[in-house]
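The structure file start-v5.tsv is reproduced below (TSV, C-alpha atoms and all ligand atoms).
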chain	number	residue	atom	x	y	z
Q	1	MET	CA	48.44	-104.39	123.86
Q	2	ALA	CA	47.01	-101.36	122.09
Q	3	SER	CA	43.27	-101.50	121.44
Q	4	ASN	CA	42.71	-99.23	118.49
Q	5	PHE	CA	39.23	-99.44	116.99
Q	6	ALA	CA	38.01	-99.64	113.39
Q	7	SER	CA	34.28	-99.36	114.06
Q	8	VAL	CA	31.91	-98.25	116.79
Q	9	PRO	CA	30.58	-101.20	118.86
Q	10	ILE	CA	26.85	-101.97	118.91
Q	11	LEU	CA	25.30	-102.82	122.28
Q	12	ASP	CA	21.82	-104.30	122.60
Q	13	TYR	CA	19.86	-102.72	125.46
Q	14	SER	CA	17.47	-105.67	125.60
Q	15	LEU	CA	20.29	-107.65	127.28
Q	16	VAL	CA	20.00	-105.39	130.33
Q	17	SER	CA	16.63	-106.82	131.32
Q	18	ASP	CA	17.82	-110.42	130.89
Q	19	PRO	CA	19.66	-111.48	134.08
Q	20	GLU	CA	21.55	-114.18	132.20
Q	21	ARG	CA	22.85	-111.87	129.54
Q	22	LYS	CA	23.29	-108.62	131.45
Q	23	PRO	CA	26.92	-109.47	132.39
Q	24	GLU	CA	27.68	-109.70	128.66
Q	25	PHE	CA	26.26	-106.20	128.19
Q	26	ILE	CA	28.29	-104.84	131.10
Q	27	LYS	CA	31.48	-106.33	129.69
Q	28	GLN	CA	30.84	-104.81	126.26
Q	29	LEU	CA	30.00	-101.51	127.91
Q	30	ARG	CA	33.26	-101.49	129.86
Q	31	HIS	CA	35.19	-102.00	126.64
Q	32	ALA	CA	33.22	-99.34	124.75
Q	33	LEU	CA	33.63	-96.75	127.53
Q	34	ILE	CA	37.32	-97.31	128.07
Q	35	ASP	CA	38.66	-98.12	124.62
Q	36	VAL	CA	36.32	-96.35	122.21
Q	37	GLY	CA	34.30	-93.62	123.92
Q	38	PHE	CA	31.40	-94.21	121.50
Q	39	LEU	CA	28.78	-96.91	121.11
Q	40	TYR	CA	25.51	-97.61	119.38
Q	41	LEU	CA	22.63	-98.64	121.60
Q	42	SER	CA	20.06	-100.78	119.83
Q	43	ASN	CA	16.61	-101.51	121.28
Q	44	PRO	CA	16.72	-98.41	123.51
Q	45	PRO	CA	13.85	-97.93	126.01
Q	46	VAL	CA	12.35	-95.06	124.02
Q	47	ALA	CA	9.05	-95.59	122.19
Q	48	ARG	CA	9.67	-96.21	118.52
Q	49	GLU	CA	6.68	-94.07	117.56
Q	50	ASP	CA	8.17	-91.11	119.44
Q	51	ILE	CA	11.55	-91.61	117.76
Q	52	ASP	CA	9.83	-91.77	114.38
Q	53	ALA	CA	7.72	-88.71	115.19
Q	54	VAL	CA	10.68	-86.49	116.15
Q	55	ILE	CA	12.54	-87.65	113.02
Q	56	ASP	CA	9.50	-86.66	110.99
Q	57	TYR	CA	9.28	-83.23	112.67
Q	58	ALA	CA	12.97	-82.36	112.11
Q	59	PRO	CA	12.79	-81.13	108.48
Q	60	ARG	CA	9.41	-79.49	109.12
Q	61	LEU	CA	10.95	-77.42	111.90
Q	62	PHE	CA	13.53	-75.98	109.51
Q	63	ASP	CA	10.92	-75.52	106.78
Q	64	LEU	CA	9.00	-73.07	108.99
Q	65	PRO	CA	8.87	-69.56	107.51
Q	66	GLN	CA	12.12	-67.74	108.30
Q	67	GLU	CA	10.17	-65.18	110.37
Q	68	ALA	CA	8.76	-67.94	112.59
Q	69	LYS	CA	12.29	-69.15	113.20
Q	70	GLU	CA	13.63	-65.65	113.85
Q	71	LYS	CA	10.81	-65.08	116.33
Q	72	ILE	CA	12.44	-67.66	118.62
Q	73	ARG	CA	16.04	-66.79	117.85
Q	74	MET	CA	18.52	-67.55	120.55
Q	75	VAL	CA	19.38	-63.92	121.24
Q	76	ASN	CA	15.99	-63.60	123.00
Q	77	SER	CA	16.93	-66.20	125.59
Q	78	PRO	CA	19.21	-65.79	128.63
Q	79	HIS	CA	19.26	-69.61	128.66
Q	80	PHE	CA	20.71	-69.88	125.15
Q	81	PHE	CA	17.65	-71.70	123.81
Q	82	GLY	CA	16.10	-71.17	120.41
Q	83	TYR	CA	17.11	-70.81	116.80
Q	84	SER	CA	20.65	-70.30	115.46
Q	85	ARG	CA	20.93	-69.35	111.81
Q	86	PHE	CA	23.12	-71.25	109.34
Q	87	GLY	CA	26.86	-70.72	109.80
Q	88	ALA	CA	26.69	-68.92	113.15
Q	89	GLU	CA	29.58	-70.88	114.69
Q	90	LEU	CA	33.19	-71.69	113.96
Q	91	THR	CA	34.99	-74.81	115.09
Q	92	LYS	CA	38.78	-74.74	114.79
Q	93	GLY	CA	38.58	-71.53	112.78
Q	94	LYS	CA	36.19	-72.86	110.09
Q	95	THR	CA	32.46	-72.27	109.71
Q	96	ASP	CA	30.19	-75.09	110.89
Q	97	GLN	CA	27.72	-75.47	108.05
Q	98	ARG	CA	24.63	-76.14	110.08
Q	99	GLU	CA	21.46	-74.53	111.33
Q	100	GLN	CA	19.99	-75.48	114.69
Q	101	PHE	CA	17.38	-75.17	117.39
Q	102	ASP	CA	18.33	-75.61	121.04
Q	103	PHE	CA	15.57	-76.98	123.27
Q	104	ALA	CA	15.69	-78.69	126.66
Q	105	THR	CA	13.87	-80.68	129.30
Q	106	PRO	CA	11.46	-78.55	131.38
Q	107	TYR	CA	12.95	-76.34	134.06
Q	108	GLU	CA	11.94	-73.15	135.78
Q	109	ASN	CA	14.73	-70.68	136.22
Q	110	GLN	CA	15.73	-70.34	139.89
Q	111	TRP	CA	18.25	-67.50	139.72
Q	112	LYS	CA	17.90	-64.62	142.18
Q	113	PRO	CA	20.12	-61.60	142.78
Q	114	GLY	CA	23.29	-62.59	144.59
Q	115	ASP	CA	23.35	-66.10	143.06
Q	116	PRO	CA	26.15	-67.07	140.69
Q	117	GLU	CA	25.41	-65.93	137.17
Q	118	TYR	CA	25.63	-69.45	135.79
Q	119	LEU	CA	22.35	-70.27	137.55
Q	120	LYS	CA	20.68	-68.16	134.85
Q	121	LEU	CA	21.61	-70.78	132.30
Q	122	TRP	CA	18.75	-73.19	132.97
Q	123	GLY	CA	15.20	-72.05	132.28
Q	124	SER	CA	12.32	-72.32	129.84
Q	125	PRO	CA	13.09	-73.13	126.21
Q	126	GLN	CA	11.52	-71.19	123.35
Q	127	TRP	CA	9.14	-73.31	121.26
Q	128	PRO	CA	7.79	-72.63	117.78
Q	129	ASP	CA	4.16	-71.49	117.52
Q	130	GLU	CA	1.87	-74.45	118.17
Q	131	ASP	CA	-0.36	-73.68	115.19
Q	132	LEU	CA	2.62	-73.72	112.81
Q	133	LEU	CA	3.90	-77.09	114.02
Q	134	PRO	CA	1.03	-78.77	115.87
Q	135	GLY	CA	2.08	-81.38	118.41
Q	136	PHE	CA	5.81	-80.75	118.13
Q	137	LYS	CA	6.39	-79.46	121.66
Q	138	GLU	CA	4.40	-82.22	123.31
Q	139	THR	CA	6.02	-84.95	121.23
Q	140	PHE	CA	9.51	-83.60	121.70
Q	141	LEU	CA	9.05	-83.28	125.48
Q	142	ARG	CA	7.73	-86.84	125.65
Q	143	TYR	CA	10.78	-87.99	123.70
Q	144	LEU	CA	13.16	-86.01	125.94
Q	145	ALA	CA	11.61	-87.42	129.12
Q	146	GLN	CA	12.35	-90.94	127.88
Q	147	VAL	CA	15.92	-90.10	126.86
Q	148	GLU	CA	16.48	-88.43	130.23
Q	149	LYS	CA	15.34	-91.58	132.01
Q	150	LEU	CA	17.62	-93.65	129.80
Q	151	SER	CA	20.51	-91.30	130.62
Q	152	PHE	CA	20.11	-92.00	134.35
Q	153	ASN	CA	19.78	-95.76	133.74
Q	154	PHE	CA	22.85	-95.64	131.62
Q	155	ILE	CA	25.01	-93.86	134.15
Q	156	GLU	CA	24.07	-96.58	136.64
Q	157	LEU	CA	25.16	-99.21	134.13
Q	158	LEU	CA	28.43	-97.33	133.86
Q	159	ALA	CA	28.85	-97.59	137.65
Q	160	GLU	CA	28.31	-101.33	137.34
Q	161	ALA	CA	30.81	-101.59	134.50
Q	162	PHE	CA	33.41	-99.78	136.59
Q	163	GLN	CA	32.52	-101.75	139.75
Q	164	ILE	CA	31.63	-98.75	141.91
Q	165	PRO	CA	28.47	-98.26	143.98
Q	166	VAL	CA	25.72	-96.40	142.15
Q	167	SER	CA	25.57	-94.02	145.15
Q	168	SER	CA	29.08	-92.78	144.34
Q	169	LEU	CA	27.46	-90.86	141.46
Q	170	ASP	CA	25.16	-88.93	143.82
Q	171	PRO	CA	27.48	-85.92	144.18
Q	172	PHE	CA	27.01	-85.17	140.48
Q	173	PHE	CA	23.24	-85.14	140.80
Q	174	ASN	CA	22.96	-83.34	144.11
Q	175	GLU	CA	19.72	-81.52	143.43
Q	176	GLY	CA	17.69	-84.71	143.57
Q	177	ARG	CA	18.12	-85.20	139.85
Q	178	HIS	CA	16.08	-82.11	139.13
Q	179	LEU	CA	18.34	-81.06	136.31
Q	180	GLN	CA	17.93	-79.57	132.90
Q	181	HIS	CA	19.36	-81.33	129.85
Q	182	ARG	CA	19.82	-79.61	126.52
Q	183	ALA	CA	18.83	-81.14	123.20
Q	184	LYS	CA	19.25	-79.73	119.74
Q	185	VAL	CA	17.67	-80.36	116.39
Q	186	VAL	CA	20.32	-79.82	113.74
Q	187	LYS	CA	20.21	-79.47	109.96
Q	188	TYR	CA	23.30	-79.91	107.80
Q	189	PRO	CA	22.44	-78.61	104.32
Q	190	VAL	CA	24.23	-79.71	101.15
Q	191	PRO	CA	26.98	-77.12	100.75
Q	192	PRO	CA	27.61	-75.38	97.43
Q	193	ASP	CA	30.20	-77.21	95.27
Q	194	ASP	CA	33.16	-75.01	96.03
Q	195	SER	CA	32.58	-74.77	99.77
Q	196	SER	CA	34.15	-76.76	102.63
Q	197	ASP	CA	32.57	-79.99	103.83
Q	198	GLN	CA	32.65	-79.09	107.53
Q	199	GLY	CA	29.25	-79.81	109.04
Q	200	VAL	CA	30.75	-79.46	112.48
Q	201	GLY	CA	34.50	-79.53	113.03
Q	202	PRO	CA	36.39	-81.88	115.38
Q	203	HIS	CA	35.32	-81.42	118.98
Q	204	PHE	CA	34.61	-83.11	122.29
Q	205	ASP	CA	31.23	-82.84	123.96
Q	206	GLY	CA	31.18	-81.12	127.32
Q	207	GLY	CA	28.84	-82.84	129.76
Q	208	PHE	CA	28.37	-86.42	130.96
Q	209	LEU	CA	26.78	-88.56	128.22
Q	210	THR	CA	25.45	-87.54	124.80
Q	211	PHE	CA	22.55	-89.49	123.25
Q	212	LEU	CA	22.48	-88.80	119.55
Q	213	LEU	CA	19.61	-89.68	117.26
Q	214	GLN	CA	20.72	-89.59	113.64
Q	215	ALA	CA	17.51	-88.38	112.07
Q	216	SER	CA	18.18	-89.06	108.38
Q	217	PRO	CA	19.97	-91.87	106.53
Q	218	HIS	CA	23.11	-89.87	105.72
Q	219	ARG	CA	26.61	-90.82	106.66
Q	220	GLY	CA	28.63	-87.90	107.94
Q	221	LEU	CA	29.31	-88.54	111.62
Q	222	GLN	CA	32.92	-89.61	112.16
Q	223	VAL	CA	34.80	-90.62	115.27
Q	224	GLN	CA	38.55	-90.33	115.74
Q	225	ASN	CA	40.28	-93.53	116.86
Q	226	LEU	CA	43.39	-93.89	118.99
Q	227	ARG	CA	45.64	-93.69	115.96
Q	228	GLY	CA	43.98	-90.46	114.87
Q	229	GLU	CA	42.09	-92.03	111.93
Q	230	TRP	CA	38.51	-90.93	111.23
Q	231	ILE	CA	36.03	-93.82	111.49
Q	232	ASP	CA	32.50	-93.60	110.07
Q	233	ALA	CA	29.54	-93.92	112.44
Q	234	PRO	CA	26.65	-94.20	109.95
Q	235	PRO	CA	23.04	-94.15	111.16
Q	236	ILE	CA	21.56	-97.45	112.34
Q	237	PRO	CA	17.77	-97.07	112.35
Q	238	GLY	CA	16.16	-97.35	115.77
Q	239	SER	CA	19.46	-96.96	117.64
Q	240	PHE	CA	21.16	-94.17	119.51
Q	241	VAL	CA	24.80	-93.20	119.32
Q	242	ILE	CA	26.10	-92.61	122.84
Q	243	ASN	CA	29.34	-90.83	123.60
Q	244	ILE	CA	31.20	-89.48	126.58
Q	245	GLY	CA	31.68	-85.82	127.34
Q	246	LYS	CA	34.67	-84.15	128.95
Q	247	ALA	CA	32.97	-83.82	132.35
Q	248	LEU	CA	32.47	-87.58	132.61
Q	249	GLU	CA	35.98	-88.26	131.34
Q	250	THR	CA	37.37	-85.99	134.05
Q	251	ALA	CA	35.09	-87.45	136.74
Q	252	THR	CA	36.25	-91.00	135.90
Q	253	GLN	CA	39.97	-90.16	135.86
Q	254	GLY	CA	39.93	-90.68	132.12
Q	255	LEU	CA	38.59	-94.25	132.33
Q	256	ALA	CA	35.55	-93.29	130.27
Q	257	ARG	CA	37.07	-91.75	127.21
Q	258	ALA	CA	35.78	-88.53	125.63
Q	259	THR	CA	36.32	-89.15	121.93
Q	260	SER	CA	36.93	-86.54	119.27
Q	261	HIS	CA	34.22	-86.47	116.59
Q	262	ARG	CA	33.03	-84.38	113.65
Q	263	VAL	CA	30.34	-84.28	110.97
Q	264	LEU	CA	30.97	-84.00	107.24
Q	265	SER	CA	28.33	-82.17	105.21
Q	266	PRO	CA	26.13	-84.20	102.85
Q	267	GLU	CA	27.67	-84.82	99.43
Q	268	PRO	CA	26.82	-82.58	96.48
Q	269	GLY	CA	23.59	-83.76	94.87
Q	270	SER	CA	22.38	-85.27	98.14
Q	271	THR	CA	19.77	-83.93	100.59
Q	272	PRO	CA	20.17	-82.26	104.02
Q	273	ARG	CA	21.23	-84.37	106.98
Q	274	TYR	CA	19.37	-84.05	110.31
Q	275	SER	CA	20.40	-85.06	113.80
Q	276	ILE	CA	19.08	-84.69	117.35
Q	277	PRO	CA	21.69	-84.78	120.13
Q	278	PHE	CA	20.69	-84.85	123.81
Q	279	PHE	CA	23.35	-83.68	126.28
Q	280	GLN	CA	23.13	-85.10	129.80
Q	281	ASN	CA	23.94	-82.49	132.41
Q	282	ILE	CA	25.08	-82.71	136.01
Q	283	SER	CA	24.32	-80.32	138.87
Q	284	GLN	CA	25.50	-76.83	138.12
Q	285	ASN	CA	27.36	-76.32	141.39
Q	286	VAL	CA	29.57	-79.44	141.12
Q	287	ARG	CA	33.26	-78.90	140.64
Q	288	ILE	CA	34.42	-82.11	139.03
Q	289	GLY	CA	37.88	-81.84	140.56
Q	290	ASP	CA	36.28	-82.16	144.03
Q	291	SER	CA	34.22	-85.24	143.16
Q	292	VAL	CA	36.51	-87.46	141.09
Q	293	LEU	CA	35.43	-91.12	141.34
Q	294	GLN	CA	37.73	-93.75	142.86
Q	295	PHE	CA	38.25	-97.16	141.26
Q	296	SER	CA	40.01	-100.38	142.13
Q	297	PRO	CA	43.56	-100.73	140.77
Q	298	ASP	CA	42.36	-103.56	138.49
Q	299	ILE	CA	39.81	-101.33	136.82
Q	300	LEU	CA	42.20	-98.42	136.53
Q	301	LYS	CA	44.75	-100.71	134.87
Q	302	LEU	CA	42.36	-101.25	131.97
Q	303	LYS	CA	43.11	-97.71	130.87
Q	304	GLU	CA	46.70	-98.72	130.16
Q	305	SER	CA	45.59	-101.42	127.75
Q	306	ARG	CA	44.56	-98.65	125.36
Q	307	GLY	CA	48.23	-98.20	124.53
Q	308	GLU	CA	49.69	-95.17	122.82
Q	309	GLU	CA	47.28	-92.54	121.57
Q	310	VAL	CA	48.07	-89.84	119.08
Q	311	ALA	CA	46.86	-86.32	119.87
Q	312	PRO	CA	43.29	-85.91	118.52
Q	313	ASP	CA	42.33	-83.04	116.23
Q	314	SER	CA	39.93	-81.63	118.81
Q	315	VAL	CA	41.07	-79.00	121.24
Q	316	ASN	CA	40.72	-79.67	124.93
Q	317	TYR	CA	38.57	-78.05	127.57
Q	318	ALA	CA	41.12	-77.04	130.20
Q	319	GLU	CA	38.77	-75.60	132.83
Q	320	TYR	CA	36.89	-78.78	133.60
Q	321	GLY	CA	38.18	-79.82	136.97
Q	322	LEU	CA	38.44	-76.33	138.39
Q	323	LEU	CA	35.14	-74.47	138.00
Q	324	PRO	CA	31.55	-75.37	138.87
Q	325	SER	CA	30.10	-77.30	135.95
Q	326	GLY	CA	27.48	-74.59	135.38
Q	327	GLU	CA	30.21	-72.01	134.94
Q	328	VAL	CA	32.09	-74.21	132.46
Q	329	ALA	CA	28.86	-74.59	130.51
Q	330	LEU	CA	28.14	-70.85	130.60
Q	331	ILE	CA	31.63	-70.00	129.33
Q	332	GLY	CA	31.16	-72.48	126.49
Q	333	ARG	CA	27.84	-70.90	125.56
Q	334	VAL	CA	29.24	-67.36	125.75
Q	335	LYS	CA	32.04	-68.27	123.33
Q	336	SER	CA	29.68	-70.06	120.94
Q	337	HIS	CA	26.96	-67.39	120.94
Q	338	PRO	CA	28.53	-63.96	121.58
Q	339	ASP	CA	25.38	-62.11	120.47
Q	340	VAL	CA	23.37	-63.82	123.22
Q	341	ALA	CA	26.12	-63.09	125.73
Q	342	GLN	CA	26.28	-59.42	124.75
Q	343	ARG	CA	22.62	-58.99	125.55
Q	344	HIS	CA	22.25	-61.18	128.65
Q	345	TYR	CA	25.74	-61.49	130.18
Q	346	PRO	CA	27.42	-58.15	129.37
Q	347	ASP	CA	30.31	-58.53	131.85
Q	348	LEU	CA	31.28	-61.97	130.62
Q	349	PHE	CA	30.87	-60.76	127.07
Q	350	LYS	CA	33.41	-57.99	127.64
Q	351	GLN	CA	35.79	-60.44	129.25
Q	352	PHE	CA	35.74	-62.83	126.29
Q	353	PHE	CA	35.20	-60.32	123.50
Q	354	PRO	CA	37.03	-57.14	124.52
Q	355	ASP	CA	37.08	-55.99	120.87
Q	356	GLY	CA	33.31	-56.18	120.49
Q	357	LEU	CA	30.93	-58.52	118.72
Q	358	PRO	CA	32.55	-60.94	116.24
Q	359	ALA	CA	30.62	-62.11	113.16
Q	360	GLN	CA	30.60	-65.71	114.41
Q	361	GLY	CA	31.00	-67.60	117.69
Q	362	PHE	CA	33.82	-70.00	118.49
Q	363	ALA	CA	32.55	-73.42	119.40
Q	364	TYR	CA	36.04	-74.63	120.28
G	401	LIG	O1	25.05	-84.10	114.22
G	401	LIG	C1	25.69	-85.02	114.71
G	401	LIG	O2	25.59	-86.18	114.28
G	401	LIG	C2	26.64	-84.79	115.84
G	401	LIG	C3	26.54	-83.39	116.39
G	401	LIG	C4	27.54	-83.15	117.48
G	401	LIG	O3	28.53	-83.83	117.61
G	401	LIG	C5	27.30	-82.06	118.43
G	401	LIG	O4	26.45	-81.19	118.16
G	401	LIG	O5	27.95	-82.05	119.49
G	402	FE	FE	29.39	-83.54	119.55
What does the file become when written as structure tokens?
Amino acid sequence: MASNFASVPILDYSLVSDPERKPEFIKQLRHALIDVGFLYLSNPPVAREDIDAVIDYAPRLFDLPQEAKEKIRMVNSPHFFGYSRFGAELTKGKTDQREQFDFATPYENQWKPGDPEYLKLWGSPQWPDEDLLPGFKETFLRYLAQVEKLSFNFIELLAEAFQIPVSSLDPFFNEGRHLQHRAKVVKYPVPPDDSSDQGVGPHFDGGFLTFLLQASPHRGLQVQNLRGEWIDAPPIPGSFVINIGKALETATQGLARATSHRVLSPEPGSTPRYSIPFFQNISQNVRIGDSVLQFSPDILKLKESRGEEVAPDSVNYAEYGLLPSGEVALIGRVKSHPDVAQRHYPDLFKQFFPDGLPAQGFAY
């Protein structure tokens, strides 16, 4: 029987610490991973005051003087961290009407001559001047550390839901979990009346799990169901939206479903929408095709119960199984931010942009 969905399920993390009710959580998780690819997580193990604080900082970050933002613009950073001006990217040929800052969990770049170029991708983020936004860096890092911990807990819950040993995930985290995860703070302004309403066009995320904090009360996030219909995923205060990236979909033989999603701009007369996605990474040297997880036939059969799916509007990442995950990520970044690539990765830049610098990047 087909299991199309009309809403995104809500899972309560407090069930996880209750031995009697944890099986209920695991069952709901299995359904959400296989049949939906999106879920809300209520009562997450992240301090409410830190969630509230990062939500409060979001508009203030964008309200910094333009020169303070430009000072940390992404083109300065070989790690693709920092500020991207409004409208810098296209998705499916249309401008994404958003402005963003890319930050990350702490990491010291380890690249040395002779290493693969993708090892340059992880390194120190650029932060705004402390005196302009006191406490932001410290608060945001404290928030990220908690979401990172949750991301590892959650991947273990996924192993339980799919009835595989937690240790079978080790190959994806083969540097002792010393990884760097990227997180953005995003602003979707109200577009002028005659403009498109594309906040970000239909896409899949790339990595393992995404933990999204919707940082203002606006609707706008939509998720594409199996019939191709767009379903609203409005903010639920105090909860995260969690979704599956293409790397995890590939690693689980498609059991965990990467689901197409998009954001519509705020309506005319409204106010800007803010969001804070956290993208869980895996080790840069892992080639997913070499580490695909194995499941029992009973678990694999659950995939069939999804029934027929129409082709989603998002375009696929074809390279996933074949290249080291760091290289897949670097290629994605090069396409999205050609100006950064031109400065820091000139050979790759020439390969992807033989005609020179385009006005905008191509997210997908
Ligand atoms: O802003 C949002 O709610 C979602 C953003 C998103 O899907 C992304 O940046 O990958
Ligand atoms: Fe996304």
- prompt: Within 8 Å of region 51-61 of chain Q, counting all atoms listed in the file, which residues qualify if same-chain residues fewer than 6 places away don't, as a ChimeraX atom specification?
  reply: /Q:133,136,139-140,143,185-187,215-216,238,274
Exercise for review: Grab me every residue within 7 Å of ligand LIG 401 (chain G), counting all atoms listed in the file, and send it over as a list of chain:residue names.
Suggested key: Q:Val186, Q:Val200, Q:Asp205, Q:Leu212, Q:Gln214, Q:Leu221, Q:His261, Q:Arg262, Q:Val263, Q:Tyr274, Q:Ser275, Q:Ile276, Q:Pro277
Query - Residue among Q:Asp313, Q:Glu175, Q:Asp115, Q:Asp131 lying closest to Thr259 (chain Q), counting all atoms listed in the file - result: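 Nearest candidate to Thr259 (chain Q) out of Q:Asp313, Q:Glu175, Q:Asp115, Q:Asp131: Q:Asp313.
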List all protein, DNA and RNA residues that have any atom at most 12 Å from ligand FE 402 (chain G), counting all atoms listed in the file, and write the list as a ChimeraX atom specification. /Q:38,91,183-184,186,199-213,221-223,241-246,258-263,275-279,314,363-364
task = Give me the residues within 10 Å of Ser325 (chain Q) as an NGL selection string, counting all atoms listed in the file and dropping any in the same chain fewer than 4 places off.
result = :Q and (118 or 172 or 206-207 or 247 or 281-288 or 319-321 or 329-331)
inquiry  = as a PyMOL selection string, please: the residues near Lys120 (chain Q) (cut-off 8 Å, all atoms listed in the file, same-chain neighbours under 6 positions excluded).
reply    = chain Q and resi 78-79+109-111
Residues near Val310 (chain Q), cut-off 12 Å, all atoms listed in the file, skip fewer than 2 positions along chain, as a list in words
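That gives Ala2, Asn4, Gln224, Asn225, Leu226, Arg227, Gly228, Glu229, Ser260, Arg306, Gly307, Glu308, Pro312, Asp313 and Ser314 of chain Q.
Among the candidates Q:Val75, Q:Leu150, Q:Leu169, Q:Ala47, the residue lying nearest to Val292 (chain Q) is Q:Leu169 (atoms considered: all atoms listed in the file).
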Using only C-alpha atoms, the shortest atom-to-atom distance to Leu323 (chain Q) among Q:Ile164, Q:Asp290, Q:His344, Q:Pro171 belongs to Q:Asp290
**Residue among Q:Phe162, Q:Tyr345, Q:Phe25, Q:Phe101 lying closest to Leu255 (chain Q), counting all atoms listed in the file** =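 Of all the options, Q:Phe162 lies closest to Leu255 (chain Q).
Using only C-alpha atoms, the nearest neighbour of Met74 (chain Q) within the list Q:Phe240, Q:Tyr40, Q:Phe349, Q:Phe103 is Q:Phe103.
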*Could you give me, as JSON, numbers by chain, the residues within 10 Å of Pro189 (chain Q), counting all atoms listed in the file and dropping anything in the same chain fewer than 3 positions from it?*
{"Q": [86, 97, 98, 99, 186, 192, 199, 265, 266, 267, 268, 270, 271, 272, 273, 274]}
In Å and to one decimal, CA of Leu15 (chain Q) is distant from CA of Asn43 (chain Q) by 9.3 Å
For Thr105 (chain Q), the closest of Q:Leu41, Q:Ile72, Q:Leu141, Q:Leu119 counting all atoms listed in the file is Q:Leu141
What is the distance between CA of Glu89 (chain Q) and CA of Gly220 (chain Q), in Å to one decimal?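 Rounded to one decimal, the two atoms are 18.3 Å apart.
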Would you mind reading off the distance between CA of Lys27 (chain Q) and CA of Phe152 (chain Q), one decimal, in Å?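 CA of Phe152 (chain Q) lies 18.9 Å from CA of Lys27 (chain Q).
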